[in-house]
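S.K.: The file below is coords.txt, compact mmCIF, C-alpha atoms:
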```txt
# COMPACT_ATOMS: atom_id res chain seq x y z
CA MET A 1259 82.66 125.32 -119.41
CA ALA A 1260 81.52 128.20 -117.21
CA GLN A 1261 82.11 131.87 -116.86
CA ARG A 1262 84.38 132.86 -114.03
CA THR A 1263 84.14 135.53 -111.33
CA VAL A 1264 87.24 137.67 -110.97
CA GLY A 1265 87.50 139.45 -107.64
CA ALA A 1266 89.83 141.48 -105.47
CA ALA A 1267 89.75 142.72 -101.87
CA VAL A 1268 91.57 145.71 -100.36
CA SER A 1269 91.41 147.07 -96.81
CA HIS A 1270 93.07 150.09 -95.20
CA VAL A 1271 93.10 151.25 -91.58
CA GLY A 1272 92.50 154.84 -92.68
CA LYS A 1273 94.24 158.02 -91.54
CA VAL A 1274 92.72 158.34 -88.07
CA ARG A 1275 92.22 154.94 -86.44
CA SER A 1276 94.99 152.92 -84.85
CA ASN A 1277 93.61 149.50 -85.80
CA ASN A 1278 91.57 148.02 -88.61
CA GLN A 1279 88.17 146.75 -87.49
CA ASP A 1280 87.12 145.86 -91.05
CA SER A 1281 87.51 142.47 -92.71
CA GLY A 1282 87.08 141.39 -96.31
CA PHE A 1283 87.17 138.21 -98.38
CA ALA A 1284 87.32 137.58 -102.13
CA GLY A 1285 87.21 133.92 -103.07
CA GLY A 1286 86.20 131.82 -106.02
CA GLN A 1287 82.47 132.58 -105.84
CA LEU A 1288 82.10 134.12 -102.36
CA PHE A 1289 82.70 137.78 -101.54
CA VAL A 1290 82.30 139.35 -98.07
CA VAL A 1291 82.79 142.68 -96.31
CA ALA A 1292 82.38 143.10 -92.55
CA ASP A 1293 82.73 146.27 -90.48
CA GLY A 1294 83.31 145.62 -86.80
CA MET A 1295 82.45 147.77 -83.81
CA GLY A 1296 82.91 147.60 -80.07
CA GLY A 1297 86.13 149.42 -79.41
CA HIS A 1298 89.80 148.71 -79.98
CA ALA A 1299 89.59 145.10 -78.76
CA GLY A 1300 86.10 144.27 -80.03
CA GLY A 1301 85.42 145.41 -83.57
CA ASP A 1302 88.41 143.69 -85.15
CA VAL A 1303 87.60 140.44 -83.33
CA ALA A 1304 83.94 140.55 -84.38
CA SER A 1305 84.56 141.16 -88.08
CA ALA A 1306 87.39 138.60 -88.19
CA ILE A 1307 85.30 135.86 -86.56
CA ALA A 1308 82.38 136.57 -88.89
CA VAL A 1309 84.40 136.64 -92.12
CA ASN A 1310 86.46 133.56 -91.26
CA ARG A 1311 83.28 131.61 -90.49
CA ILE A 1312 81.44 132.79 -93.60
CA ALA A 1313 84.52 132.09 -95.77
CA GLU A 1314 83.97 128.40 -95.14
CA THR A 1315 80.98 128.52 -97.51
CA ASP A 1316 83.29 129.29 -100.46
CA THR A 1317 84.41 125.67 -100.55
CA GLN A 1318 80.93 124.24 -100.90
CA TYR A 1319 79.12 123.27 -104.08
CA TYR A 1320 75.63 124.68 -104.55
CA ALA A 1321 73.09 123.06 -106.82
CA SER A 1322 70.95 126.19 -106.92
CA PRO A 1323 71.10 129.84 -105.86
CA GLN A 1324 68.49 129.02 -103.22
CA ASP A 1325 70.97 126.58 -101.67
CA ALA A 1326 73.61 129.32 -101.66
CA GLU A 1327 71.18 131.80 -100.12
CA PHE A 1328 70.36 129.36 -97.33
CA ALA A 1329 74.06 128.57 -96.80
CA LEU A 1330 74.90 132.28 -96.49
CA GLN A 1331 72.08 132.91 -94.04
CA SER A 1332 73.11 129.88 -91.99
CA ALA A 1333 76.74 131.05 -91.99
CA LEU A 1334 75.75 134.49 -90.68
CA VAL A 1335 73.61 132.92 -87.95
CA ALA A 1336 76.51 130.62 -87.04
CA ALA A 1337 78.88 133.60 -86.96
CA ASN A 1338 76.45 135.39 -84.64
CA GLN A 1339 76.51 132.38 -82.31
CA LEU A 1340 80.33 132.31 -82.39
CA LEU A 1341 80.41 135.97 -81.38
CA ALA A 1342 78.09 135.29 -78.44
CA GLU A 1343 80.23 132.35 -77.34
CA THR A 1344 83.39 134.45 -77.64
CA VAL A 1345 81.88 137.15 -75.44
CA PHE A 1346 80.88 134.50 -72.89
CA GLU A 1347 84.49 133.28 -72.74
CA HIS A 1348 85.94 136.81 -72.90
CA PRO A 1349 83.62 139.21 -71.03
CA GLU A 1350 85.92 142.12 -71.87
CA LEU A 1351 84.52 141.89 -75.42
CA THR A 1352 80.94 142.46 -74.32
CA GLY A 1353 79.03 144.50 -76.86
CA MET A 1354 81.20 143.79 -79.88
CA GLY A 1355 79.39 143.41 -83.18
CA THR A 1356 79.84 143.58 -86.93
CA THR A 1357 78.00 144.36 -90.12
CA VAL A 1358 78.16 141.80 -92.92
CA SER A 1359 77.45 142.06 -96.63
CA ALA A 1360 78.11 138.84 -98.52
CA MET A 1361 77.29 137.27 -101.86
CA ILE A 1362 77.82 133.95 -103.61
CA ARG A 1363 77.63 133.46 -107.35
CA VAL A 1364 75.86 130.37 -108.62
CA GLY A 1365 75.71 130.25 -112.41
CA ASP A 1366 73.78 133.26 -113.64
CA SER A 1367 72.55 134.19 -110.17
CA ILE A 1368 73.89 135.94 -107.11
CA ALA A 1369 72.74 134.98 -103.60
CA ILE A 1370 73.04 137.82 -101.09
CA ALA A 1371 72.95 138.04 -97.29
CA HIS A 1372 73.18 141.39 -95.54
CA ILE A 1373 72.94 143.01 -92.11
CA GLY A 1374 74.12 146.47 -91.03
CA ASP A 1375 75.28 149.39 -93.16
CA SER A 1376 78.04 147.96 -95.30
CA ARG A 1377 76.80 147.97 -98.88
CA ILE A 1378 76.59 145.99 -102.11
CA TYR A 1379 76.42 147.86 -105.43
CA LEU A 1380 75.92 146.59 -108.97
CA LEU A 1381 77.31 148.33 -112.05
CA ARG A 1382 75.48 147.11 -115.14
CA GLY A 1383 75.34 148.79 -118.52
CA GLY A 1384 76.87 151.96 -117.10
CA GLU A 1385 74.21 152.28 -114.38
CA LEU A 1386 75.08 151.94 -110.68
CA THR A 1387 72.48 150.49 -108.29
CA GLN A 1388 72.66 150.08 -104.53
CA ILE A 1389 71.46 146.53 -103.93
CA THR A 1390 71.35 146.42 -100.12
CA ALA A 1391 69.45 148.69 -97.75
CA ASP A 1392 71.20 150.22 -94.74
CA HIS A 1393 69.91 148.99 -91.40
CA THR A 1394 70.34 152.40 -89.80
CA PHE A 1395 68.18 154.75 -87.81
CA VAL A 1396 68.23 157.46 -90.48
CA GLN A 1397 67.35 154.99 -93.23
CA ARG A 1398 64.27 154.06 -91.23
CA LEU A 1399 63.41 157.77 -91.06
CA VAL A 1400 63.91 158.09 -94.83
CA ASP A 1401 61.81 155.00 -95.54
CA SER A 1402 58.99 156.34 -93.36
CA GLY A 1403 59.14 159.72 -95.11
CA ARG A 1404 60.15 161.60 -91.99
CA ILE A 1405 63.35 162.99 -93.48
CA THR A 1406 64.87 163.24 -96.97
CA PRO A 1407 68.01 161.41 -98.14
CA GLU A 1408 69.79 164.77 -98.15
CA GLU A 1409 68.85 165.33 -94.50
CA ALA A 1410 69.94 161.78 -93.66
CA ALA A 1411 73.44 162.50 -94.99
CA VAL A 1412 74.00 165.12 -92.26
CA HIS A 1413 71.72 163.74 -89.55
CA PRO A 1414 73.40 163.64 -86.09
CA ARG A 1415 72.32 159.99 -85.69
CA ARG A 1416 73.32 158.79 -89.14
CA SER A 1417 75.72 156.24 -87.55
CA VAL A 1418 73.11 154.51 -85.41
CA LEU A 1419 72.69 150.88 -86.48
CA MET A 1420 69.46 148.99 -85.92
CA ARG A 1421 70.78 145.52 -86.83
CA VAL A 1422 74.19 143.82 -86.53
CA LEU A 1423 75.73 140.45 -85.72
CA GLY A 1424 77.03 140.17 -82.16
CA ASP A 1425 76.06 139.36 -78.62
CA ILE A 1426 73.09 141.72 -78.84
CA ASP A 1427 70.46 139.51 -80.47
CA ALA A 1428 70.43 135.70 -80.46
CA ALA A 1429 68.30 135.64 -83.63
CA PRO A 1430 69.25 138.63 -85.78
CA GLU A 1431 67.10 139.46 -88.80
CA ILE A 1432 69.21 138.98 -91.93
CA ASP A 1433 68.19 140.27 -95.36
CA THR A 1434 68.64 137.69 -98.13
CA SER A 1435 67.86 137.81 -101.83
CA ILE A 1436 68.70 136.24 -105.18
CA LEU A 1437 69.47 138.38 -108.22
CA GLY A 1438 70.43 137.58 -111.78
CA THR A 1439 73.84 138.52 -113.13
CA THR A 1440 75.29 138.71 -116.61
CA PRO A 1441 78.78 138.84 -118.15
CA GLY A 1442 80.20 142.33 -117.81
CA ASP A 1443 78.51 143.05 -114.49
CA ARG A 1444 80.75 144.60 -111.86
CA TRP A 1445 79.83 144.11 -108.20
CA LEU A 1446 81.12 146.24 -105.33
CA LEU A 1447 81.00 145.37 -101.64
CA CYS A 1448 82.27 148.06 -99.27
CA SER A 1449 82.28 149.20 -95.67
CA ASP A 1450 80.89 152.63 -94.88
CA GLY A 1451 84.46 153.90 -94.70
CA LEU A 1452 84.00 154.27 -98.46
CA SER A 1453 80.29 155.00 -98.90
CA SER A 1454 80.13 157.61 -96.12
CA TYR A 1455 83.03 159.71 -97.41
CA VAL A 1456 83.10 159.23 -101.17
CA SER A 1457 80.05 160.33 -103.15
CA GLU A 1458 78.05 157.77 -105.09
CA GLU A 1459 78.77 159.75 -108.26
CA ARG A 1460 82.51 159.39 -107.72
CA ILE A 1461 82.17 155.68 -106.88
CA HIS A 1462 80.22 155.29 -110.12
CA GLN A 1463 82.97 157.00 -112.11
CA LEU A 1464 85.72 154.83 -110.64
CA LEU A 1465 83.80 151.59 -111.16
CA GLN A 1466 83.32 152.43 -114.83
CA GLU A 1467 87.05 152.78 -115.43
CA ASP A 1468 88.79 150.07 -117.38
CA GLY A 1469 91.05 147.94 -115.28
CA SER A 1470 91.14 144.79 -113.23
CA PRO A 1471 89.10 144.46 -110.02
CA SER A 1472 92.35 144.87 -108.10
CA ASP A 1473 93.15 148.18 -109.84
CA VAL A 1474 89.63 149.51 -109.31
CA ALA A 1475 89.60 148.45 -105.65
CA ASP A 1476 92.92 150.24 -105.11
CA GLN A 1477 91.52 153.40 -106.74
CA LEU A 1478 88.42 153.34 -104.55
CA VAL A 1479 90.49 153.01 -101.37
CA LYS A 1480 92.81 155.79 -102.55
CA GLU A 1481 89.78 158.01 -103.14
CA ALA A 1482 88.65 157.42 -99.54
CA LEU A 1483 92.16 158.26 -98.30
CA ASP A 1484 92.13 161.44 -100.38
CA HIS A 1485 88.95 162.41 -98.50
CA GLY A 1486 90.72 162.01 -95.16
CA ALA A 1487 89.61 158.41 -94.49
CA PRO A 1488 88.65 158.93 -90.80
CA ASP A 1489 87.30 155.38 -90.71
CA ASN A 1490 88.64 152.00 -91.83
CA VAL A 1491 87.83 151.39 -95.49
CA THR A 1492 87.38 147.98 -97.11
CA VAL A 1493 86.48 147.32 -100.74
CA VAL A 1494 85.75 144.09 -102.61
CA VAL A 1495 85.25 144.26 -106.39
CA ALA A 1496 83.99 141.27 -108.38
CA ASP A 1497 83.65 141.11 -112.17
CA ILE A 1498 81.47 138.63 -114.00
CA ASP A 1499 84.04 137.72 -116.62
CA PRO A 1500 82.71 136.42 -119.98
CA GLN A 1501 85.86 134.36 -120.42
CA GLN A 1502 85.12 130.65 -120.50
CA VAL A 1503 87.11 128.55 -118.05
CA ALA A 1504 86.95 125.03 -116.68
CA PRO A 1505 84.62 124.74 -113.68
CA ASP A 1506 87.45 123.46 -111.53
CA ALA A 1507 89.91 126.19 -112.53
CA PRO A 1508 91.82 127.15 -109.40
CA SER A 1509 91.25 130.55 -107.79
CA VAL A 1510 93.19 132.18 -105.01
CA ALA A 1511 91.11 133.42 -102.10
CA VAL A 1512 92.16 136.74 -100.56
CA THR A 1513 91.43 137.74 -96.97
CA VAL A 1514 92.10 141.33 -95.86
CA GLY A 1515 91.72 143.46 -92.75
CA SER A 1516 91.54 142.03 -89.26
CA ALA A 1517 90.49 138.59 -90.56
CA ALA A 1518 93.90 138.27 -92.22
CA ALA A 1519 95.72 138.50 -88.87
CA PRO A 1520 95.71 136.27 -85.79
CA LEU A 1521 93.02 137.14 -83.27
CA GLU A 1522 94.27 139.03 -80.24
CA PHE A 1523 92.14 139.86 -77.21
CA ASP A 1524 92.96 142.90 -75.08
CA PRO A 1525 91.65 142.34 -71.53
CA GLU A 1526 91.64 146.08 -70.88
CA ALA A 1527 89.39 146.84 -73.85
CA GLY A 1528 86.24 145.64 -72.13
CA ARG A 1529 86.88 147.87 -69.15
CA ARG A 1530 87.30 150.89 -71.40
CA LEU A 1531 84.14 150.31 -73.40
CA ARG A 1532 80.62 149.07 -72.94
CA LEU A 1533 77.52 149.22 -75.15
CA PRO A 1534 74.61 150.76 -73.22
CA SER A 1535 71.34 151.26 -75.15
CA LEU A 1536 71.86 151.98 -78.94
CA LEU A 1537 74.46 150.57 -81.34
CA LEU A 1538 76.57 153.36 -82.78
CA HIS A 1539 79.07 152.76 -85.53
CA PRO A 1540 82.58 153.87 -84.38
CA ILE A 1541 83.24 156.16 -87.31
CA LYS A 1542 82.60 159.81 -87.86
CA SER A 1543 82.85 161.27 -84.39
CA SER A 1544 85.64 161.07 -81.88
CA SER A 1545 83.24 159.69 -79.27
CA VAL A 1546 83.74 156.05 -78.33
CA ALA A 1547 80.25 155.64 -76.88
CA ARG A 1548 78.31 152.71 -78.33
CA GLU A 1549 74.69 151.78 -77.69
CA THR A 1550 72.58 148.73 -78.49
CA HIS A 1551 68.93 148.22 -79.18
CA LEU A 1552 66.80 145.31 -80.32
CA GLU A 1553 64.96 145.52 -83.63
CA SER A 1554 61.75 144.30 -81.99
CA ASP A 1555 61.46 147.61 -80.14
CA ALA A 1556 62.61 149.70 -83.10
CA ASP A 1557 59.35 151.57 -83.76
CA ASP A 1558 58.98 152.72 -80.16
CA TYR A 1559 62.65 153.46 -80.10
CA LEU A 1560 62.45 155.54 -83.26
CA ASP A 1561 59.63 157.58 -81.78
CA ALA A 1562 61.69 158.14 -78.63
CA LEU A 1563 64.70 159.23 -80.66
CA ILE A 1564 62.60 161.54 -82.81
CA ALA A 1565 61.19 163.14 -79.67
CA GLU A 1566 64.70 163.49 -78.31
CA ASP A 1567 65.89 165.06 -81.57
CA ARG A 1568 63.00 167.52 -81.44
CA LYS A 1569 63.91 168.46 -77.89
CA ARG A 1570 67.52 168.89 -78.97
CA ALA A 1571 66.42 171.07 -81.89
CA GLY A 1572 64.28 173.10 -79.49
CA ARG A 1573 67.22 173.54 -77.15
CA ARG A 1574 69.39 174.63 -80.09
CA ARG A 1575 66.77 177.18 -81.15
CA LEU A 1576 66.47 178.45 -77.57
CA THR A 1577 70.25 178.69 -77.29
CA TRP A 1578 70.36 180.55 -80.59
CA LEU A 1579 67.61 182.97 -79.51
CA VAL A 1580 69.30 183.60 -76.16
CA SER A 1581 72.62 184.19 -77.91
CA VAL A 1582 71.01 186.62 -80.35
CA ALA A 1583 69.26 188.37 -77.47
CA VAL A 1584 72.54 188.70 -75.55
CA ILE A 1585 74.30 190.04 -78.63
CA LEU A 1586 71.49 192.52 -79.31
CA ALA A 1587 71.44 193.60 -75.66
CA GLY A 1588 75.19 194.12 -75.78
CA ALA A 1589 74.92 196.09 -78.99
CA ILE A 1590 72.10 198.25 -77.61
CA THR A 1591 74.00 198.83 -74.37
CA ALA A 1592 77.11 199.81 -76.31
CA ALA A 1593 75.04 202.13 -78.51
CA VAL A 1594 73.41 203.79 -75.51
CA VAL A 1595 76.71 204.22 -73.68
CA GLY A 1596 78.31 205.54 -76.85
CA TYR A 1597 75.50 207.97 -77.48
CA GLN A 1598 75.61 209.21 -73.90
CA TRP A 1599 79.31 209.85 -74.32
CA THR A 1600 78.73 211.86 -77.50
CA GLN A 1601 76.20 214.01 -75.65
CA SER A 1602 78.84 214.93 -73.10
CA ARG A 1603 80.81 216.65 -75.87
CA TYR A 1604 80.22 220.16 -77.30
CA TYR A 1605 81.43 222.24 -80.21
CA VAL A 1606 80.88 225.69 -81.68
CA GLY A 1607 79.67 225.89 -85.26
CA VAL A 1608 77.34 227.63 -87.67
CA ASN A 1609 73.55 227.50 -87.56
CA GLY A 1610 72.23 229.40 -90.54
CA ASP A 1611 74.10 232.76 -90.47
CA ARG A 1612 74.69 232.72 -86.73
CA VAL A 1613 77.21 231.11 -84.40
CA ALA A 1614 75.73 228.37 -82.25
CA ILE A 1615 76.77 225.92 -79.55
CA TYR A 1616 76.13 222.26 -80.44
CA GLN A 1617 75.82 219.32 -78.05
CA GLY A 1618 77.31 216.06 -79.34
CA VAL A 1619 79.91 215.26 -81.98
CA GLN A 1620 80.09 216.24 -85.61
CA GLN A 1621 79.59 212.67 -86.93
CA SER A 1622 76.34 210.92 -87.76
CA ILE A 1623 75.16 207.31 -88.04
CA GLY A 1624 73.59 207.10 -91.46
CA PRO A 1625 70.83 209.69 -91.55
CA ILE A 1626 70.91 210.13 -87.76
CA PRO A 1627 73.07 213.08 -86.58
CA LEU A 1628 74.89 212.73 -83.27
CA SER A 1629 74.60 216.42 -82.42
CA SER A 1630 71.95 219.11 -82.03
CA VAL A 1631 71.87 222.85 -81.38
CA PHE A 1632 72.28 223.43 -77.68
CA GLN A 1633 72.22 227.25 -77.74
CA ASP A 1634 72.02 229.90 -80.46
CA THR A 1635 73.97 233.17 -80.17
CA ASP A 1636 73.51 236.65 -81.60
CA ILE A 1637 76.90 236.52 -83.28
CA ALA A 1638 76.62 236.87 -87.05
CA VAL A 1639 79.21 234.81 -88.87
CA ASP A 1640 79.79 237.65 -91.33
CA ASP A 1641 80.77 239.92 -88.41
CA LEU A 1642 83.77 237.69 -87.62
CA PRO A 1643 87.19 238.20 -89.11
CA THR A 1644 87.97 235.77 -91.97
CA PHE A 1645 90.25 233.63 -89.75
CA TYR A 1646 87.48 233.11 -87.14
CA GLN A 1647 84.82 232.57 -89.81
CA THR A 1648 86.88 229.67 -91.21
CA ARG A 1649 87.38 228.16 -87.75
CA VAL A 1650 83.69 228.39 -86.86
CA GLU A 1651 82.66 226.91 -90.20
CA ASP A 1652 85.07 224.01 -89.56
CA THR A 1653 83.68 223.81 -85.99
CA ILE A 1654 85.64 224.37 -82.79
CA SER A 1655 85.60 221.44 -80.33
CA ALA A 1656 84.96 222.00 -76.62
CA ASP A 1657 85.45 219.59 -73.73
CA SER A 1658 82.44 220.96 -71.84
CA ILE A 1659 79.66 223.50 -72.02
CA THR A 1660 81.86 225.86 -69.97
CA ASP A 1661 84.59 225.66 -72.62
CA ALA A 1662 82.00 226.21 -75.37
CA LEU A 1663 80.68 229.34 -73.65
CA ALA A 1664 84.25 230.66 -73.26
CA ILE A 1665 84.84 230.15 -77.01
CA VAL A 1666 81.64 232.05 -77.81
CA THR A 1667 82.72 234.94 -75.49
CA ASN A 1668 86.07 235.12 -77.28
CA LEU A 1669 84.38 235.16 -80.69
CA GLU A 1670 82.06 237.94 -79.53
CA ARG A 1671 85.05 240.05 -78.58
CA ASN A 1672 86.45 239.57 -82.09
CA THR A 1673 83.33 240.55 -83.99
CA THR A 1674 83.27 243.86 -85.85
CA SER A 1675 80.95 245.34 -83.24
CA GLY A 1676 82.97 243.87 -80.42
CA SER A 1677 86.21 245.28 -81.82
CA ALA A 1678 84.63 248.70 -82.29
CA GLN A 1679 83.72 248.81 -78.68
```
Represent the supplied structure as structure tokens.
M.R.:
Amino acid sequence: MAQRTVGAAVSHVGKVRSNNQDSGFAGGQLFVVADGMGGHAGGDVASAIAVNRIAETDTQYYASPQDAEFALQSALVAANQLLAETVFEHPELTGMGTTVSAMIRVGDSIAIAHIGDSRIYLLRGGELTQITADHTFVQRLVDSGRITPEEAAVHPRRSVLMRVLGDIDAAPEIDTSILGTTPGDRWLLCSDGLSSYVSEERIHQLLQEDGSPSDVADQLVKEALDHGAPDNVTVVVADIDPQQVAPDAPSVAVTVGSAAAPLEFDPEAGRRLRLPSLLLHPIKSSSVARETHLESDADDYLDALIAEDRKRAGRRRLTWLVSVAVILAGAITAAVVGYQWTQSRYYVGVNGDRVAIYQGVQQSIGPIPLSSVFQDTDIAVDDLPTFYQTRVEDTISADSITDALAIVTNLERNTTSGSAQ
């Protein structure tokens, strides 16, 4: 008698993309997620070819986890060769590639093979652990201490992949490992359509909920859709069930995503898309540009990208400084023009106990007045009739110095001395 592995696979095209370039597989002991790239007619083909080839290992018997590890690695290498042969026969698919995260259970062990930025998580005893490492540009920066994980989450090159299966590298470097597993463990395999848009804390919460792997997988996909799901999202959940079953108990394998449909090649796709010099995942931006690069040149390439990012940051700072300078120049120009306009205005008011002509306007900017005494007069405010005193105290506006002088002449005529004369 042996413990069984209960798994489920769910894939959704998302709310933005027109086709699903992800593929997933949940079998008796084998579980796989692949995230394709290379445009409308490339990514779906790449992930489907890879998953269908790797799925063949679910029918084999493994005497040890080391045998399963070797079988997985060999299957990924064979899938890589199939992709290269497909591109040779269909040049329009040049540059297509796919990530792969796969695992096989053998007794109390799990054999893992991984390349790209799809992920494998383990929930054990309420604690969630990311088992695989992303083969991305920003992860290399994090590992080297050049940026923090928080900076990586918003880095402009967070979608750049350093390793994938495809026609890019004839001998891709594949991460493999063997881990122990116990009854009650819950394993999650997912494309970055989930991990890039749903926080790890939320993934942790959903994985801890009671329910079958199928229910949990549905909830995880729904969570990605609730976050907008701009990318395809594929989830495979596998529980190490303590229930004892016969070793030959039948299990139904489930294939989802592009691997579940017949392969279709679009001859026009290759003309629309090519991969120049760096492999970008087709996810978060609307750009369809893809680039490739070999891992053997990664260190030099990282240095070149860092230098480019620094130049870009410098250009952004320069642009920001120029923009601030333009805004400040505009504000200063407006202030100068405005002040000059205020100094073309005049009014008659009170300066101490005398009538005076002021240049400017009655307002002020904070502590700075926008007017000053232009000319004092000999007219005492107390010598004016009450009506004129009130008007002068409230100030009398003038369009020009000529008008201001005319107002003063009129006030002088209405003073007590002026009236007596």
S.K.: Skip Thr1439 of chain A itself and residues of its chain fewer than 4 positions away, then list as a PyMOL selection string all residues within 8 Å of it, counting all atoms listed in the file.
M.R.: chain A and resi 1366-1368+1443+1498
S.K.: Excluding same-chain residues fewer than 5 positions from Thr1434 of chain A, what lies within 8 Å of it counting only C-alpha atoms, as a PyMOL selection string?
M.R.: chain A and resi 1327+1331+1369-1372
S.K.: Just want the 12 Å neighbourhood of Ala1411 of chain A, counted on all atoms listed in the file, with same-chain residues fewer than 4 positions away dropped. Output as a VMD selection string.
M.R.: chain A and resid 1394 to 1397 1399 to 1400 1405 to 1407 1415 to 1417 1453 to 1457 1542
S.K.: For segment 1598-1605 of chain A, I'd like the enclosing box, axis-aligned and padded by 6 Å on every side, reported as AutoDock Vina command-line options with centre and edge lengths in Å to one decimal.
M.R.:
```
--center_x 78.5 --center_y 215.7 --center_z -76.7 --size_x 17.8 --size_y 25.0 --size_z 19.1
```
S.K.: Report, in Å with one decimal, the straight-line distance from atom CA of Leu1334 of chain A to atom CA of Ile1312 of chain A.
M.R.: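 It comes out at 6.6 Å.
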S.K.: Please indicate the distance in Å from atom CA of Ile1637 of chain A to atom CA of Glu1670 of chain A, rounded to one decimal place.
M.R.: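 So the two atoms, atom CA of Ile1637 of chain A and atom CA of Glu1670 of chain A, lie 6.5 Å apart.
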S.K.: Go through A:Ala1428, A:Val1606, A:Val1412, A:Val1418 and flag the residue nearest Ser1630 of chain A, using all atoms listed in the file for the distances.
M.R.: A:Val1606
S.K.: Given the choices A:Val1512, A:Ala1336, A:Leu1465, A:Val1639, which gets closest to Pro1430 of chain A if the distance is worked out from only C-alpha atoms?
M.R.: A:Ala1336
S.K.: If you measure from atom CA of Ile1426 of chain A to atom CA of Gly1301 of chain A, what distance in Å do you get, rounded to one decimal?
M.R.: 13.7 Å
S.K.: Env of Gly1442 of chain A: 7 Å cut, atoms = all atoms listed in the file, seq-sep filter 5 positions within chain, self excluded. Answer as a PDB file with C-alpha atoms, in the coordinates of the input.
M.R.:
```
ATOM      1  CA  ASP A1497      83.650 141.110-112.170  1.00  0.00           C
ATOM      2  CA  ILE A1498      81.470 138.630-114.000  1.00  0.00           C
ATOM      3  CA  ASP A1499      84.040 137.720-116.620  1.00  0.00           C
ATOM      4  CA  PRO A1500      82.710 136.420-119.980  1.00  0.00           C
TER       5      PRO A1500
END
```
S.K.: Report as a list in words all protein, DNA and RNA residues lying within 7 Å of segment 1613-1629 of chain A, evaluated on only C-alpha atoms, omitting residues in the same chain fewer than 5 positions from it.
M.R.: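 Residues near the query, excluding close chain neighbours: Thr1600, Gln1601, Ser1602, Arg1603, Tyr1604, Tyr1605, Val1606, Gly1607, Val1608, Asp1634, Thr1635, Ile1637, Ala1638, Val1639 and Ala1662 of chain A.
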